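Below is run_23.cif, holding mmCIF, N, CA and C atoms.
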```cif
data_my_file
#
loop_
_atom_site.label_atom_id
_atom_site.label_comp_id
_atom_site.auth_asym_id
_atom_site.auth_seq_id
_atom_site.Cartn_x
_atom_site.Cartn_y
_atom_site.Cartn_z
N MET N 1 -33.49 -22.03 -50.61
CA MET N 1 -32.60 -21.49 -49.60
C MET N 1 -32.30 -22.56 -48.56
N ASN N 2 -31.17 -22.43 -48.01
CA ASN N 2 -30.68 -23.35 -47.00
C ASN N 2 -31.15 -22.88 -45.62
N ARG N 3 -31.78 -23.77 -44.87
CA ARG N 3 -32.31 -23.38 -43.56
C ARG N 3 -31.22 -23.25 -42.50
N THR N 4 -30.12 -23.90 -42.66
CA THR N 4 -29.06 -23.86 -41.64
C THR N 4 -28.11 -22.69 -41.86
N GLY N 5 -28.22 -22.00 -42.96
CA GLY N 5 -27.35 -20.85 -43.22
C GLY N 5 -25.94 -21.24 -43.63
N PHE N 6 -25.79 -22.43 -44.21
CA PHE N 6 -24.47 -22.92 -44.60
C PHE N 6 -23.81 -22.00 -45.63
N LEU N 7 -24.57 -21.53 -46.59
CA LEU N 7 -24.03 -20.63 -47.60
C LEU N 7 -23.55 -19.32 -46.97
N HIS N 8 -24.27 -18.82 -46.00
CA HIS N 8 -23.87 -17.59 -45.31
C HIS N 8 -22.57 -17.80 -44.54
N LYS N 9 -22.42 -18.95 -43.95
CA LYS N 9 -21.19 -19.24 -43.20
C LYS N 9 -19.99 -19.31 -44.14
N ILE N 10 -20.18 -19.93 -45.29
CA ILE N 10 -19.09 -20.00 -46.28
C ILE N 10 -18.71 -18.60 -46.75
N MET N 11 -19.71 -17.78 -47.03
CA MET N 11 -19.44 -16.41 -47.47
C MET N 11 -18.70 -15.62 -46.39
N LEU N 12 -19.09 -15.79 -45.14
CA LEU N 12 -18.43 -15.10 -44.04
C LEU N 12 -16.97 -15.52 -43.94
N VAL N 13 -16.70 -16.79 -44.05
CA VAL N 13 -15.32 -17.29 -44.00
C VAL N 13 -14.51 -16.73 -45.17
N LEU N 14 -15.08 -16.72 -46.36
CA LEU N 14 -14.37 -16.18 -47.53
C LEU N 14 -14.07 -14.69 -47.36
N ILE N 15 -15.02 -13.94 -46.85
CA ILE N 15 -14.81 -12.50 -46.64
C ILE N 15 -13.74 -12.27 -45.58
N LEU N 16 -13.78 -13.06 -44.50
CA LEU N 16 -12.74 -12.93 -43.47
C LEU N 16 -11.36 -13.28 -44.00
N LEU N 17 -11.25 -14.33 -44.80
CA LEU N 17 -9.96 -14.70 -45.38
C LEU N 17 -9.45 -13.61 -46.33
N ALA N 18 -10.33 -13.05 -47.13
CA ALA N 18 -9.93 -11.97 -48.03
C ALA N 18 -9.47 -10.75 -47.23
N GLY N 19 -10.16 -10.43 -46.16
CA GLY N 19 -9.77 -9.31 -45.30
C GLY N 19 -8.40 -9.51 -44.67
N PHE N 20 -8.15 -10.72 -44.17
CA PHE N 20 -6.84 -11.00 -43.59
C PHE N 20 -5.75 -10.96 -44.65
N GLY N 21 -6.06 -11.44 -45.84
CA GLY N 21 -5.08 -11.39 -46.93
C GLY N 21 -4.71 -9.96 -47.28
N VAL N 22 -5.70 -9.11 -47.40
CA VAL N 22 -5.44 -7.69 -47.70
C VAL N 22 -4.65 -7.05 -46.55
N ALA N 23 -5.02 -7.37 -45.31
CA ALA N 23 -4.32 -6.80 -44.16
C ALA N 23 -2.85 -7.23 -44.12
N LEU N 24 -2.54 -8.40 -44.61
CA LEU N 24 -1.14 -8.86 -44.63
C LEU N 24 -0.37 -8.29 -45.81
N ILE N 25 -1.02 -8.08 -46.92
CA ILE N 25 -0.34 -7.62 -48.14
C ILE N 25 -0.20 -6.09 -48.16
N TRP N 26 -1.14 -5.35 -47.60
CA TRP N 26 -1.17 -3.89 -47.73
C TRP N 26 0.08 -3.17 -47.18
N PRO N 27 0.55 -3.43 -45.96
CA PRO N 27 1.71 -2.68 -45.45
C PRO N 27 2.98 -2.82 -46.30
N PRO N 28 3.38 -4.03 -46.72
CA PRO N 28 4.57 -4.09 -47.58
C PRO N 28 4.37 -3.41 -48.93
N LEU N 29 3.16 -3.49 -49.47
CA LEU N 29 2.87 -2.82 -50.73
C LEU N 29 2.96 -1.31 -50.56
N GLN N 30 2.39 -0.78 -49.49
CA GLN N 30 2.43 0.66 -49.23
C GLN N 30 3.88 1.12 -49.03
N LYS N 31 4.69 0.31 -48.38
CA LYS N 31 6.11 0.63 -48.18
C LYS N 31 6.82 0.78 -49.52
N LYS N 32 6.59 -0.15 -50.42
CA LYS N 32 7.21 -0.08 -51.75
C LYS N 32 6.74 1.15 -52.51
N ILE N 33 5.46 1.47 -52.41
CA ILE N 33 4.91 2.64 -53.09
C ILE N 33 5.54 3.92 -52.54
N ASP N 34 5.64 4.04 -51.21
CA ASP N 34 6.24 5.22 -50.60
C ASP N 34 7.70 5.40 -51.01
N ILE N 35 8.45 4.32 -51.05
CA ILE N 35 9.86 4.38 -51.45
C ILE N 35 9.96 4.76 -52.93
N HIS N 36 9.09 4.24 -53.75
CA HIS N 36 9.09 4.60 -55.17
C HIS N 36 8.86 6.10 -55.35
N TYR N 37 7.86 6.65 -54.66
CA TYR N 37 7.58 8.08 -54.78
C TYR N 37 8.74 8.92 -54.22
N ALA N 38 9.38 8.45 -53.15
CA ALA N 38 10.52 9.19 -52.60
C ALA N 38 11.68 9.21 -53.59
N ARG N 39 11.94 8.09 -54.23
CA ARG N 39 13.01 8.05 -55.24
C ARG N 39 12.67 8.96 -56.42
N GLN N 40 11.42 8.96 -56.82
CA GLN N 40 10.98 9.82 -57.91
C GLN N 40 11.14 11.29 -57.52
N ALA N 41 10.78 11.64 -56.29
CA ALA N 41 10.92 13.03 -55.82
C ALA N 41 12.40 13.44 -55.77
N ALA N 42 13.27 12.54 -55.34
CA ALA N 42 14.71 12.85 -55.31
C ALA N 42 15.23 13.07 -56.72
N GLN N 43 14.76 12.28 -57.67
CA GLN N 43 15.17 12.44 -59.06
C GLN N 43 14.70 13.78 -59.62
N ILE N 44 13.47 14.16 -59.33
CA ILE N 44 12.95 15.45 -59.79
C ILE N 44 13.74 16.59 -59.13
N ALA N 45 14.08 16.43 -57.85
CA ALA N 45 14.85 17.46 -57.14
C ALA N 45 16.22 17.64 -57.78
N ARG N 46 16.87 16.54 -58.15
CA ARG N 46 18.17 16.64 -58.84
C ARG N 46 18.00 17.36 -60.18
N TRP N 47 16.95 17.01 -60.89
CA TRP N 47 16.70 17.65 -62.18
C TRP N 47 16.46 19.14 -62.00
N LEU N 48 15.66 19.52 -61.00
CA LEU N 48 15.40 20.93 -60.74
C LEU N 48 16.68 21.66 -60.36
N ALA N 49 17.54 21.01 -59.58
CA ALA N 49 18.81 21.64 -59.19
C ALA N 49 19.68 21.88 -60.43
N GLN N 50 19.71 20.94 -61.35
CA GLN N 50 20.48 21.14 -62.59
C GLN N 50 19.90 22.28 -63.41
N GLU N 51 18.58 22.32 -63.53
CA GLU N 51 17.93 23.38 -64.29
C GLU N 51 18.13 24.74 -63.62
N GLU N 52 18.11 24.76 -62.28
CA GLU N 52 18.37 26.01 -61.56
C GLU N 52 19.81 26.49 -61.82
N GLY N 53 20.75 25.55 -61.91
CA GLY N 53 22.13 25.92 -62.22
C GLY N 53 22.24 26.57 -63.59
N VAL N 54 21.54 26.03 -64.57
CA VAL N 54 21.53 26.60 -65.92
C VAL N 54 20.89 27.99 -65.88
N PHE N 55 19.77 28.11 -65.14
CA PHE N 55 19.09 29.39 -65.02
C PHE N 55 20.00 30.42 -64.34
N PHE N 56 20.73 30.00 -63.31
CA PHE N 56 21.64 30.91 -62.60
C PHE N 56 22.76 31.39 -63.51
N GLU N 57 23.30 30.49 -64.31
CA GLU N 57 24.36 30.88 -65.25
C GLU N 57 23.86 31.91 -66.25
N LYS N 58 22.62 31.80 -66.64
CA LYS N 58 22.06 32.69 -67.65
C LYS N 58 21.64 34.05 -67.07
N TYR N 59 20.99 34.04 -65.88
CA TYR N 59 20.41 35.25 -65.33
C TYR N 59 21.09 35.78 -64.07
N GLY N 60 21.90 34.98 -63.41
CA GLY N 60 22.61 35.44 -62.21
C GLY N 60 21.84 35.28 -60.92
N PHE N 61 20.70 34.60 -60.95
CA PHE N 61 19.93 34.33 -59.73
C PHE N 61 19.11 33.05 -59.94
N TYR N 62 18.65 32.48 -58.82
CA TYR N 62 17.79 31.30 -58.89
C TYR N 62 16.34 31.76 -58.93
N THR N 63 15.50 30.98 -59.58
CA THR N 63 14.09 31.33 -59.67
C THR N 63 13.24 30.45 -58.76
N ALA N 64 12.26 31.07 -58.13
CA ALA N 64 11.32 30.32 -57.28
C ALA N 64 10.20 29.72 -58.12
N ASP N 65 10.05 30.21 -59.33
CA ASP N 65 9.00 29.71 -60.24
C ASP N 65 9.62 28.64 -61.14
N PHE N 66 9.48 27.40 -60.74
CA PHE N 66 10.11 26.29 -61.46
C PHE N 66 9.55 26.12 -62.87
N SER N 67 8.38 26.67 -63.14
CA SER N 67 7.82 26.54 -64.48
C SER N 67 8.63 27.33 -65.51
N GLN N 68 9.47 28.26 -65.07
CA GLN N 68 10.34 29.02 -65.97
C GLN N 68 11.56 28.21 -66.42
N LEU N 69 11.81 27.11 -65.77
CA LEU N 69 13.05 26.36 -66.03
C LEU N 69 13.01 25.59 -67.34
N ALA N 70 11.89 24.98 -67.67
CA ALA N 70 11.79 24.19 -68.90
C ALA N 70 10.32 23.98 -69.23
N ALA N 71 10.08 23.67 -70.48
CA ALA N 71 8.69 23.48 -70.92
C ALA N 71 8.13 22.13 -70.50
N ASP N 72 8.99 21.14 -70.32
CA ASP N 72 8.51 19.79 -70.00
C ASP N 72 8.55 19.49 -68.50
N VAL N 73 8.06 20.44 -67.72
CA VAL N 73 8.04 20.28 -66.27
C VAL N 73 7.02 19.21 -65.90
N PRO N 74 7.40 18.22 -65.08
CA PRO N 74 6.50 17.10 -64.80
C PRO N 74 5.40 17.38 -63.77
N CYS N 75 5.38 18.55 -63.15
CA CYS N 75 4.40 18.85 -62.12
C CYS N 75 3.78 20.21 -62.37
N SER N 76 2.82 20.59 -61.54
CA SER N 76 2.15 21.87 -61.73
C SER N 76 2.63 22.89 -60.70
N SER N 77 2.63 24.14 -61.11
CA SER N 77 3.02 25.25 -60.23
C SER N 77 1.76 25.84 -59.63
N VAL N 78 1.76 26.00 -58.30
CA VAL N 78 0.64 26.62 -57.60
C VAL N 78 1.21 27.63 -56.60
N VAL N 79 0.38 28.55 -56.16
CA VAL N 79 0.80 29.52 -55.16
C VAL N 79 0.12 29.17 -53.84
N LYS N 80 0.94 28.94 -52.80
CA LYS N 80 0.44 28.64 -51.46
C LYS N 80 1.09 29.62 -50.49
N GLU N 81 0.27 30.32 -49.75
CA GLU N 81 0.75 31.26 -48.75
C GLU N 81 1.74 32.27 -49.34
N GLY N 82 1.47 32.72 -50.56
CA GLY N 82 2.29 33.73 -51.19
C GLY N 82 3.59 33.22 -51.80
N ARG N 83 3.78 31.91 -51.80
CA ARG N 83 5.00 31.31 -52.35
C ARG N 83 4.63 30.37 -53.49
N THR N 84 5.49 30.34 -54.50
CA THR N 84 5.28 29.42 -55.61
C THR N 84 5.72 28.03 -55.18
N VAL N 85 4.81 27.09 -55.28
CA VAL N 85 5.08 25.72 -54.89
C VAL N 85 4.89 24.85 -56.13
N PHE N 86 5.85 23.98 -56.34
CA PHE N 86 5.82 23.03 -57.44
C PHE N 86 5.17 21.78 -56.87
N HIS N 87 3.92 21.50 -57.25
CA HIS N 87 3.16 20.40 -56.64
C HIS N 87 3.16 19.18 -57.55
N CYS N 88 3.71 18.11 -57.02
CA CYS N 88 3.68 16.80 -57.68
C CYS N 88 2.86 15.87 -56.78
N PRO N 89 2.41 14.75 -57.31
CA PRO N 89 1.72 13.82 -56.42
C PRO N 89 2.65 13.37 -55.29
N HIS N 90 2.24 13.56 -54.07
CA HIS N 90 2.92 13.12 -52.85
C HIS N 90 4.05 14.03 -52.39
N TYR N 91 4.51 14.99 -53.20
CA TYR N 91 5.61 15.87 -52.80
C TYR N 91 5.37 17.29 -53.29
N ASP N 92 5.82 18.27 -52.49
CA ASP N 92 5.82 19.67 -52.88
C ASP N 92 7.26 20.17 -52.91
N PHE N 93 7.59 20.94 -53.93
CA PHE N 93 8.93 21.49 -54.12
C PHE N 93 8.84 23.00 -53.98
N VAL N 94 9.75 23.60 -53.22
CA VAL N 94 9.76 25.05 -53.04
C VAL N 94 11.21 25.51 -52.89
N LEU N 95 11.49 26.70 -53.42
CA LEU N 95 12.82 27.28 -53.27
C LEU N 95 12.86 28.03 -51.95
N GLU N 96 13.80 27.64 -51.07
CA GLU N 96 13.97 28.27 -49.77
C GLU N 96 15.33 28.93 -49.70
N GLN N 97 15.44 29.99 -48.95
CA GLN N 97 16.71 30.65 -48.67
C GLN N 97 17.47 31.03 -49.94
N ALA N 98 16.78 31.17 -51.04
CA ALA N 98 17.33 31.59 -52.34
C ALA N 98 18.33 30.61 -52.94
N ASN N 99 18.73 29.55 -52.24
CA ASN N 99 19.67 28.60 -52.83
C ASN N 99 19.46 27.17 -52.35
N VAL N 100 18.30 26.88 -51.80
CA VAL N 100 17.99 25.53 -51.31
C VAL N 100 16.60 25.16 -51.79
N ILE N 101 16.49 23.99 -52.40
CA ILE N 101 15.18 23.46 -52.77
C ILE N 101 14.73 22.52 -51.66
N ARG N 102 13.53 22.76 -51.15
CA ARG N 102 12.97 21.88 -50.11
C ARG N 102 11.87 21.06 -50.75
N VAL N 103 11.96 19.76 -50.58
CA VAL N 103 10.99 18.81 -51.14
C VAL N 103 10.27 18.16 -49.97
N SER N 104 9.02 18.53 -49.75
CA SER N 104 8.27 18.04 -48.59
C SER N 104 7.26 16.98 -49.01
N ASN N 105 7.21 15.92 -48.23
CA ASN N 105 6.21 14.88 -48.45
C ASN N 105 4.87 15.42 -47.98
N THR N 106 3.82 15.16 -48.72
CA THR N 106 2.50 15.68 -48.37
C THR N 106 1.78 14.83 -47.32
N ARG N 107 2.29 13.62 -47.06
CA ARG N 107 1.62 12.73 -46.10
C ARG N 107 2.40 12.53 -44.81
N TYR N 108 3.72 12.51 -44.89
CA TYR N 108 4.56 12.18 -43.76
C TYR N 108 5.47 13.35 -43.39
N PRO N 109 5.93 13.42 -42.13
CA PRO N 109 6.87 14.48 -41.75
C PRO N 109 8.29 14.14 -42.22
N LYS N 110 8.48 14.21 -43.54
CA LYS N 110 9.75 13.85 -44.16
C LYS N 110 9.99 14.80 -45.31
N TRP N 111 11.27 15.14 -45.55
CA TRP N 111 11.58 16.05 -46.63
C TRP N 111 13.01 15.86 -47.11
N PHE N 112 13.26 16.35 -48.31
CA PHE N 112 14.60 16.42 -48.88
C PHE N 112 14.99 17.89 -48.97
N THR N 113 16.27 18.16 -48.83
CA THR N 113 16.77 19.50 -49.14
C THR N 113 17.90 19.34 -50.14
N VAL N 114 17.93 20.24 -51.11
CA VAL N 114 18.96 20.21 -52.14
C VAL N 114 19.67 21.55 -52.13
N SER N 115 20.95 21.53 -51.82
CA SER N 115 21.74 22.75 -51.87
C SER N 115 22.11 23.01 -53.32
N LEU N 116 21.70 24.15 -53.85
CA LEU N 116 21.95 24.44 -55.26
C LEU N 116 23.42 24.75 -55.52
N GLN N 117 24.12 25.30 -54.54
CA GLN N 117 25.53 25.62 -54.73
C GLN N 117 26.40 24.37 -54.68
N GLU N 118 26.08 23.44 -53.78
CA GLU N 118 26.87 22.22 -53.64
C GLU N 118 26.31 21.06 -54.47
N GLY N 119 25.04 21.13 -54.81
CA GLY N 119 24.40 20.04 -55.53
C GLY N 119 24.15 18.83 -54.65
N LYS N 120 24.21 19.03 -53.34
CA LYS N 120 24.07 17.93 -52.38
C LYS N 120 22.62 17.81 -51.94
N ILE N 121 22.11 16.58 -51.93
CA ILE N 121 20.74 16.32 -51.50
C ILE N 121 20.77 15.54 -50.20
N THR N 122 19.95 15.95 -49.24
CA THR N 122 19.88 15.26 -47.96
C THR N 122 18.42 14.92 -47.66
N CYS N 123 18.23 13.85 -46.94
CA CYS N 123 16.90 13.40 -46.54
C CYS N 123 16.78 13.60 -45.04
N GLU N 124 15.72 14.26 -44.61
CA GLU N 124 15.51 14.54 -43.20
C GLU N 124 14.08 14.19 -42.82
N TYR N 125 13.86 14.04 -41.52
CA TYR N 125 12.53 13.72 -41.03
C TYR N 125 12.44 14.15 -39.58
N GLU N 126 11.22 14.29 -39.08
CA GLU N 126 11.01 14.68 -37.70
C GLU N 126 11.49 13.58 -36.77
N GLU N 127 11.97 13.98 -35.63
CA GLU N 127 12.45 13.02 -34.65
C GLU N 127 11.33 12.06 -34.24
N GLY N 128 11.63 10.80 -34.24
CA GLY N 128 10.65 9.79 -33.88
C GLY N 128 9.79 9.30 -35.03
N SER N 129 9.99 9.82 -36.23
CA SER N 129 9.20 9.40 -37.37
C SER N 129 9.77 8.09 -37.94
N LEU N 130 9.05 7.00 -37.72
CA LEU N 130 9.51 5.71 -38.22
C LEU N 130 9.43 5.63 -39.73
N VAL N 131 8.39 6.23 -40.30
CA VAL N 131 8.22 6.22 -41.76
C VAL N 131 9.34 7.02 -42.40
N GLY N 132 9.64 8.20 -41.85
CA GLY N 132 10.71 9.03 -42.39
C GLY N 132 12.06 8.32 -42.36
N ALA N 133 12.35 7.68 -41.24
CA ALA N 133 13.62 6.95 -41.11
C ALA N 133 13.70 5.81 -42.11
N ARG N 134 12.61 5.09 -42.27
CA ARG N 134 12.58 3.96 -43.20
C ARG N 134 12.77 4.43 -44.64
N ILE N 135 12.04 5.47 -45.02
CA ILE N 135 12.13 5.94 -46.40
C ILE N 135 13.50 6.52 -46.68
N CYS N 136 14.03 7.34 -45.76
CA CYS N 136 15.36 7.94 -45.98
C CYS N 136 16.44 6.89 -46.11
N SER N 137 16.31 5.78 -45.38
CA SER N 137 17.33 4.74 -45.47
C SER N 137 17.26 3.97 -46.79
N GLN N 138 16.13 4.02 -47.47
CA GLN N 138 15.94 3.27 -48.71
C GLN N 138 16.20 4.08 -49.98
N VAL N 139 16.23 5.41 -49.86
CA VAL N 139 16.40 6.26 -51.05
C VAL N 139 17.88 6.48 -51.31
N ASP N 140 18.27 6.27 -52.55
CA ASP N 140 19.67 6.47 -52.93
C ASP N 140 19.92 7.96 -53.16
N LEU N 141 20.75 8.53 -52.30
CA LEU N 141 21.05 9.94 -52.45
C LEU N 141 22.48 10.05 -52.92
#
```
Please lay out the structure from this file as structure tokens.
Amino acid sequence: MNRTGFLHKIMLVLILLAGFGVALIWPPLQKKIDIHYARQAAQIARWLAQEEGVFFEKYGFYTADFSQLAADVPCSSVVKEGRTVFHCPHYDFVLEQANVIRVSNTRYPKWFTVSLQEGKITCEYEEGSLVGARICSQVDL
């Protein structure tokens, strides 16, 4: 063993450099991941809106249970507070007002709404939410 602790000093410097490297890389990486999930959620919302349109043509109403729309549903259906919620990683989908799909982010105060009659998707966020503003500006609607 080294009496001056030279090996310990080298290890400390290496750990500090690795920590700074992770601290510099993590925020841009997390930003890309959040934008990827938001784009994926918007794509699923569009798909659900199309499937709801087919369901409406067949039965004359929209269904809150998205599992009835198709067999290859990419997420799971759960019941929260008496409502059927379509739960995907990072986003929850729910039918609101009988003709609007609301897609809520599970981590940030940000959401999409899809009007089933117009087929229009909008991205919204709470006032002052920097993450919501950033993600909404990056998602192609």
Would you kindly return, as a compact mmCIF listing (two decimals) with N, CA and C atoms, in the frame of the given file, each protein, DNA or RNA residue with an atom no farther than 10 Å from any atom of Gly119 in chain N, considering only C-alpha atoms and excluding same-chain residues fewer than 3 positions away?
```
# COMPACT_ATOMS: atom_id res chain seq x y z
N ARG N 46 16.87 16.54 -58.15
CA ARG N 46 18.17 16.64 -58.84
C ARG N 46 18.00 17.36 -60.18
N ALA N 49 17.54 21.01 -59.58
CA ALA N 49 18.81 21.64 -59.19
C ALA N 49 19.68 21.88 -60.43
N GLN N 50 19.71 20.94 -61.35
CA GLN N 50 20.48 21.14 -62.59
C GLN N 50 19.90 22.28 -63.41
N GLY N 53 20.75 25.55 -61.91
CA GLY N 53 22.13 25.92 -62.22
C GLY N 53 22.24 26.57 -63.59
N VAL N 100 18.30 26.88 -51.80
CA VAL N 100 17.99 25.53 -51.31
C VAL N 100 16.60 25.16 -51.79
N THR N 113 16.27 18.16 -48.83
CA THR N 113 16.77 19.50 -49.14
C THR N 113 17.90 19.34 -50.14
N VAL N 114 17.93 20.24 -51.11
CA VAL N 114 18.96 20.21 -52.14
C VAL N 114 19.67 21.55 -52.13
N SER N 115 20.95 21.53 -51.82
CA SER N 115 21.74 22.75 -51.87
C SER N 115 22.11 23.01 -53.32
N LEU N 116 21.70 24.15 -53.85
CA LEU N 116 21.95 24.44 -55.26
C LEU N 116 23.42 24.75 -55.52
```
**OP:** From a DSSP calculation on the backbone, collect every residue of range 2-140 of chain N in strand (DSSP E or B) and output the set as an MDAnalysis selection string.
**Re:** chainID N and resid 76:80 83:88 91:96 100:105 110:115 121:125
Original post:
Pick the closest to Arg102 in chain N from N:Ser76, N:Gln40, N:Thr122, N:Gln68: which is it, counting only C-alpha atoms?
Top reply: N:Thr122
**OP:** Taking the DSSP assignment computed from this structure's backbone, write out as a ChimeraX atom specification all residues of chain N that belong to alpha helix (DSSP H).
**Re:** /N:6-59,130-138
Original post:
When you draw a straight line from atom N of Ala64 in chain N to CA of Trp111 in chain N, how long is it in Å?
Top reply: 18.9 Å
**OP:** For each of N:Lys80, N:Leu29, N:Leu95, N:Cys88, take the minimum atom-to-atom distance to Thr63 in chain N, counting all atoms listed in the file, then give the residue where this is smallest.
**Re:** N:Leu95
Original post:
Any idea what the distance is between atom N of Tyr108 in chain N and atom N of Gln43 in chain N?
Top reply: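 These two atoms are separated by 16.9 Å.
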**OP:** Considering all atoms listed in the file, state which residue in the set N:Ile25, N:Val103, N:Gly19, N:Arg39 is at the smallest distance from Asp140 in chain N.
**Re:** N:Arg39
**OP:** Name the residues captured by the PyMOL selection byres ((chain N and resi 109) around 7) when it is applied to the shown file; answer as JSON, numbers by chain.
**Re:** {"N": [105, 106, 107, 108, 110, 111, 124, 125, 126, 129, 132]}
